[in-house]
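Asks: I'd like to ask you about the structure that follows.
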Amino acid sequence: MRKDLLILSFVILIIAVLFSGTKIQSVDEYYLTHIDEITPDSETVYISIRSDTLLNNMEKLKSELHVYVPTDGVILPESEYVLRPGDTVFDILHRAVRHNRIQMEFQGADKNIYSSVYIQGIQYLYEFSAGPLSGWMYEVNGVFPNYGVSKYKLKDGDHITFHYTVNLGKDLGHSF
Amino acid sequence: MNNKIYLVCLLLFCYCFSPLQALASDETEELKQVMEDIIEWKKSSIGTTSESNLFNNSFLKNAGDTMGDWYPIAMGRLGYSDDYAAYLAVIEDVVEKRYRTSDKLSDTKSTEWHRISLAILSVGGDPTQIGIDQSGNTINLIQDGTYNRGKTVSLGAQGINGWVWGLITLDSMRYMIPQDSYYSRDAIIKEILCLQLADGGFSFYQDVADADITAMTLQALAPYYNSEQVYRYTQQATGKETIKTVRQVVDEALETLSSLQTAKGDFKSWDTENAESTAQVLVALTALGIDPLTDTRFIKNGKNILDGLYQYKMNDGGFIHAKKYNPENPTSLPDESNSMASEQVLVALASLYRYQNGYRSLYDFRQEQPENIKKQIQLLNDSIKALPKEPTTNQVEELFEQYLAIPITERSYVYAYVKLAEAMEKLSIENTSEPLAKNMGEIIHGSGTVTALFDASTIEKEIIFTIEDVEKVKSLPSFATTEHYVEVTKLLQKLERAENLKDYEDLLQLLQQKKHEIEEIEEEIQALNEKILEELYPFSELSLKDKESVEQIVARFNNLSEYDQQKILSAEDVKKSKTQIANLYRASIISIVLGGFVVCAIIFVIVRVRKRRAQKRNTEEWFDE
């Protein structure tokens with residue numbers, strides 16, 4: 001009689017385990033599959049991708065590209081990403097566009113004079129797609145750095161915004 | 001003994017050269033030394049020795065991009081000995097490959113066509129016949145990148161640079177423009193003139209004169225300085241209807257440029273004195289035939305532009321970008337030679353060297369001038385300079401006749417012409433010289449000229465596939481990866497052109513097969529990258545349903561060599577997905593096993609309970625009885 005109760009309580013335990021969906025993983029595996037999961041103590045940064053300045057300048061943009069500009073200009077609303085050690089703006093951007101399936105094309109750091117990755121296009125909007133002064137610029141905490149995305153090392157809590165400019169940043173309130 | 005020879009040489013040297021000539025020759029020697037030092041620095045910076053070629057396999061990976069193309073442009077204009085054939089082979093292949101994409105060399109940047117064309121010319125190639133496109137036609141970069149570029153995208157889509165470099169490229173061999181083309185030279189010139197700023201200079205941002213862009217614009221307009229043609233246009237910055245010759249615009253821009261020179265002789269861009277801006281101005285002045293070392297407009301505080309430039313020279317032979325550290329430009333350090341600064345200085349010094357020694361200007365890649373024309377021009381320049389303050393009509397008319405006797409496409413080299421034109425105007429002599437833009441075309445096709453300016457060594461014309469080349473083919477691994485792309489391309493192109501191709505037809509087949517294999521790997525890398533993007537995201541939604549496709553991706557990834565795996569952009573995500581799927585799979589197996597166990601346990605308990613009840617009943621019956 002007592003043996004039965006013991007077995008039954010064991011059965012209940014197993015069922016509980018199955019329902020709670022526990023996976024059996026090694027520490028390494030856990031780390032690998034949860035690397036981008038935000039926990040209370042993980043360091044994070046925020047990224048958004050916007051094309052709002054195009055909304056007032058649609059006539060400058062090649063007509064076949066109009067479909068790629070969202071009606072509110074927001075290509076990626078502000079999203080939080082885990083900051084891994086040594087992450088640059090490019091690493092976060094690359095992760096964000098992959099995870100959100102946003103098209104992006106870039107030139108590798110070994111292919112240009114700035115030894116930094118150069119963002120040519122995001123969401124099919126390229127440099128010069130809307131006139132000679134158009135292209136992608138980035139801002140970190142309200143400042144537009146004048147150097148490459150793969151040179152900018154991030155710290156906890158940084159806010160990154162990628163902007164499509166039609167006027168080399170003047171339309172974004174940034175003066176050279 | 002050695003001392004004696006040295007002494008004799010020295011005496012001979014002193015005897016042969018007057019002090020003035022000796023001085024000039026010292027300057028030339030110094031200039032040569034500075035240029036050689038830059039090349040040596042660049043070689044050592046990429047880990048090669050001074051006896052080896054700069055264009056080695058690792059350098060050739062950058063053929064066709066901004067990182068690679070400027071060194072061959074500078075070195076080709078000096079005819080400095082290096083592996084030009086290899087550069088040409090790889091850049092041709094790069095062009096062919098990029099032509100297979102819908103944007104060809106670029107969606108909006110026509111300067112890609114321009115820089116690549118100039119690089120091809122510099123190493124002795126012909127940009128009007130470079131490789132074959134998908135439909136089997138010969139690729140013509142001059143047609144697609146200059147006079148017919150507008151059929152795809154405006155040359156000006158990227159701003160003033162497109163017009164400026166388009167014109168430089170068009171004039172690099174004095175290309176003829178076919179009748180039904182999109183742009184004429186006049187149209188391009190007019191577009192450039194329209195962009196002149198109110199202050200007389202030019203800039204990318206259309207605000208205030210920038211030394212770099214003003215200098216580049218002058219380089220493009222230089223061949224038209226002697227044209228009397230008048231252009232009517234609306235100046236964009238002021239909205240004014242304007243009627244000017246190229247010469248008027250150039251003179252205004254020169255004045256602006258002169259005002260931008262600092263007291264140290266150098267130039268600024270973005271508020272920072274730097275080597276590259278100074279180098280561009282040097283190229284502009286030499287293109288216009290202005291002596292940068294003596295023209296008073298470009299000497300400030302006793303410092304000329306070369307003094308300005310040499311401030312950036314480092315002890316290792318290379319040049320730095322700027323002396324001040326700019327935290328916004330961390331790639332250039334004030335104490336570390338920089339590749340871009342060094343390359344731009346090398347280009348500028350090559351231009352100066354060509355100007356000082358009577359060779360064609362930097363971006364004029366035609367055969368060097370025939371001696372008779374060179375003499376004719378020199379004589380005319382000297383006579384114009386020697387004109388008295390108040391020349392007679394006869395004197396002027398005679399010189400004008402001499403000017404008209406010079407072929408139109410060579411007239412840009414009559415640097416003193418402006419003085420003649422002014423004298424004619426003063427004396428009201430009608431200037432009947434032909435407009436230059438309409439008569440600038442000379443040829444449709446042709447290879448750039450590489451002239452060895454440093455030594456008499458000629459650039460090898462005959463191509464022989466050597467024993468060493470055969471060894472190189474044999475040492476290729478049986479499974480090629482994209483790492484061997486440059487080597488295979490180089491050897492294949494060489495063999496295809498070699499005189500002794502017949503002896504090595506088996507190797508030709510082998511190389512073609514390797515090339516094909518490498519192209520397949522490149523396609524696989526691209527396809528796999530796309531597949532990963534399509535299948536693995538969003539990561540949180542991966543489920544056991546995706547097991548098969550993830551396993552496929554992993555298998556394809558593992559099939560690649562280690563070198564090629566690095567080209568998979570999200571290799572980490574492949575591993576992550578693989579682990580995730582493995583975990584899900586393991587979890588499901590464990591669930592099934594545990595589930596089975598639970599069922600067994602329950603059955604076991606039920607059986608036991610029943611048994612006990614039966615037993616109990618039996619016992620009760622037994623008691624009842």
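Letters A, B, ... go to the chains of the structure tokens in the order shown; residues in each chain start at 1; ligands are counted from 1 in the same order.
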Do me a favour and pick out the residues of chain A within 8 Å of chain B, using only C-alpha atoms, as a PyMOL selection string.

Replies: chain A and resi 4+7-8+11+14-15+18+22-25+29+32-33+98-101+110-115+127-129+131-133+145-147

Asks: Do you know which residues are at most 12 Å from Gly308 in chain B counting only C-alpha atoms, after dropping those on the same chain fewer than 6 positions away, and could you put them as a ChimeraX atom specification?

Replies: /B:261-268,273-279,281-282,292-293,298-302,322-323,345

Asks: Produce a file of the selected residues containing C-alpha atoms, as a PDB file, in the first residue's frame.

Replies:
ATOM      1  CA  GLN B 261      46.136  77.291 -48.535  1.00  0.00           C
ATOM      2  CA  THR B 262      47.519  77.527 -44.981  1.00  0.00           C
ATOM      3  CA  ALA B 263      50.688  79.264 -43.839  1.00  0.00           C
ATOM      4  CA  LYS B 264      52.407  75.864 -43.811  1.00  0.00           C
ATOM      5  CA  GLY B 265      51.627  75.267 -47.468  1.00  0.00           C
ATOM      6  CA  ASP B 266      49.037  72.535 -46.957  1.00  0.00           C
ATOM      7  CA  PHE B 267      45.240  72.382 -47.238  1.00  0.00           C
ATOM      8  CA  LYS B 268      42.316  71.621 -44.977  1.00  0.00           C
ATOM      9  CA  GLU B 273      44.886  70.202 -42.350  1.00  0.00           C
ATOM     10  CA  ASN B 274      45.673  66.920 -44.031  1.00  0.00           C
ATOM     11  CA  ALA B 275      47.844  65.153 -46.580  1.00  0.00           C
ATOM     12  CA  GLU B 276      45.097  63.981 -48.946  1.00  0.00           C
ATOM     13  CA  SER B 277      43.571  67.413 -49.600  1.00  0.00           C
ATOM     14  CA  THR B 278      47.046  68.808 -50.201  1.00  0.00           C
ATOM     15  CA  ALA B 279      47.792  65.930 -52.579  1.00  0.00           C
ATOM     16  CA  VAL B 281      45.567  70.248 -55.037  1.00  0.00           C
ATOM     17  CA  LEU B 282      49.025  69.211 -56.221  1.00  0.00           C
ATOM     18  CA  PRO B 292      53.364  74.113 -57.864  1.00  0.00           C
ATOM     19  CA  LEU B 293      56.798  74.952 -56.535  1.00  0.00           C
ATOM     20  CA  PHE B 298      50.478  78.768 -54.074  1.00  0.00           C
ATOM     21  CA  ILE B 299      53.336  79.887 -51.882  1.00  0.00           C
ATOM     22  CA  LYS B 300      52.347  81.084 -48.437  1.00  0.00           C
ATOM     23  CA  ASN B 301      54.784  82.359 -45.890  1.00  0.00           C
ATOM     24  CA  GLY B 302      57.597  80.997 -48.071  1.00  0.00           C
ATOM     25  CA  ALA B 322      46.691  64.563 -40.233  1.00  0.00           C
ATOM     26  CA  LYS B 323      48.912  65.744 -37.409  1.00  0.00           C
ATOM     27  CA  VAL B 345      50.528  61.346 -51.834  1.00  0.00           C
TER      28      VAL B 345
END

Asks: Within 12 Å of Asn559 in chain B, counting only C-alpha atoms, which residues qualify if same-chain residues fewer than 6 places away don't, as a list in words?

Replies: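 These residues fall inside the cut-off: Phe479, Thr481, Ile521, Glu524, Ile525, Leu528, Gln552, Ile553 and Gln565 of chain B.
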
Asks: Select from range 17-120 of chain A everything DSSP, run on the backbone, classes as alpha helix (DSSP H), then give the selection as a list of chain:residue names.

Replies: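 So, restricting range 17-120 of chain A to alpha helix (DSSP H), we get A:Val17, A:Leu18, A:Phe19, A:Ser20, A:Val27, A:Asp28, A:Glu29, A:Tyr30, A:Tyr31, A:Leu32, A:Thr33, A:Asp52, A:Thr53, A:Leu54, A:Leu55, A:Val89, A:Phe90, A:Asp91, A:Ile92, A:Leu93, A:His94, A:Arg95, A:Ala96, A:Val97, A:Arg98, A:His99.
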
Asks: Env of Ala222 in chain B: 9 Å cut, atoms = only C-alpha atoms, seq-sep filter 3 positions within chain, self excluded. Answer as a list in words.

Replies: Thr217, Leu218, Gln219, Tyr225, Asn226, Val246, Arg247, Val250, Ala284, Leu285, Ala287, Leu288, Gly289 and Ser412 of chain B

Asks: I'd like the neighbourhood of His163 in chain A as a compact mmCIF listing (two decimals) with C-alpha atoms, in the first residue's frame, where a residue qualifies if any of its atoms comes within 12 Å (using only C-alpha atoms), though same-chain residues fewer than 4 positions away should be ignored.

Replies:
# COMPACT_ATOMS: atom_id res chain seq x y z
CA ILE A 47 18.26 49.85 -31.53
CA SER A 48 15.76 51.30 -33.94
CA ILE A 49 15.80 51.85 -37.70
CA ARG A 50 13.89 54.76 -39.16
CA SER A 51 13.22 56.33 -42.51
CA ASP A 52 10.93 59.18 -41.42
CA THR A 53 12.84 61.89 -43.27
CA LEU A 54 11.88 60.17 -46.48
CA GLY A 73 8.71 55.62 -41.34
CA VAL A 74 9.62 53.06 -38.72
CA ILE A 75 11.47 50.08 -40.17
CA LEU A 76 12.37 48.66 -36.77
CA ILE A 119 26.29 50.11 -44.55
CA GLY A 121 21.50 49.64 -47.85
CA ILE A 122 18.82 48.61 -45.37
CA GLN A 123 15.35 47.54 -46.47
CA LEU A 125 17.03 51.81 -49.39
CA TYR A 126 20.61 52.50 -50.48
CA GLU A 127 23.06 55.37 -50.43
CA SER A 134 21.15 60.44 -49.20
CA GLY A 135 22.19 57.37 -47.28
CA TRP A 136 22.28 55.74 -43.85
CA MET A 137 23.59 57.50 -40.77
CA TYR A 138 23.64 56.34 -37.19
CA GLU A 139 23.22 58.02 -33.90
CA VAL A 140 24.19 56.77 -30.46
CA GLY A 142 21.80 61.57 -29.61
CA PHE A 144 26.21 61.19 -34.76
CA ASN A 167 20.46 65.65 -46.82
CA LEU A 168 23.54 64.17 -45.16
CA GLY A 169 22.12 64.53 -41.73
CA LYS A 170 21.00 68.14 -41.97
CA ASP A 171 17.41 66.89 -42.05
CA LEU A 172 18.15 65.10 -38.79
CA GLY A 173 19.31 68.21 -37.00
CA HIS A 174 22.93 67.19 -37.32

Asks: I want to know what sits within 6 Å of Ser150 in chain A, based on only C-alpha atoms, with residues of the same chain fewer than 5 positions away left out; could you give that as a list of chain:residue names?

Replies: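 Final neighbour list, sorted by chain and number: A:Thr88, A:Phe90, A:Ser116, A:Val117.
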
Asks: Within 9 Å of Asp36 in chain A, counting only C-alpha atoms, which residues show up once you throw out same-chain ones fewer than 4 positions away? Write them as a ChimeraX atom specification, please.

Replies: /A:32,81-84

Asks: Next, write the just-selected residues to a file, as a PDB file, in the first residue's frame, keeping C-alpha atoms as the atom set.

Replies:
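After the write, part07.pdb holds the following:
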ATOM      1  CA  LEU A  32      24.557  29.209 -26.448  1.00  0.00           C
ATOM      2  CA  TYR A  81      19.228  43.465 -27.440  1.00  0.00           C
ATOM      3  CA  VAL A  82      21.657  41.769 -25.133  1.00  0.00           C
ATOM      4  CA  LEU A  83      25.059  43.436 -25.221  1.00  0.00           C
ATOM      5  CA  ARG A  84      27.786  40.863 -25.538  1.00  0.00           C
TER       6      ARG A  84
END

Asks: Just to confirm, what's the straight-line distance from CA of Tyr233 in chain B to CA of Ser154 in chain B in Å (one decimal)?

Replies: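 Value for the CA of Tyr233 in chain B-CA of Ser154 in chain B distance: 18.3 Å.
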
Asks: CA of Ser549 in chain B to CA of Ile581 in chain B: how many Å, to one decimal?

Replies: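 A separation of 10.4 Å between them.
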
Asks: When you draw a straight line from CA of Val27 in chain A to CA of Phe557 in chain B, how long is it in Å?

Replies: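 Separation of CA of Val27 in chain A and CA of Phe557 in chain B: 24.3 Å.
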
Asks: Between B:Ser337, B:Ser259, B:Gln196, B:Ser543, which is the closest to Ser44 in chain B once you count only C-alpha atoms?

Replies: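 With only C-alpha atoms as the atom set, the closest residue is B:Ser337.
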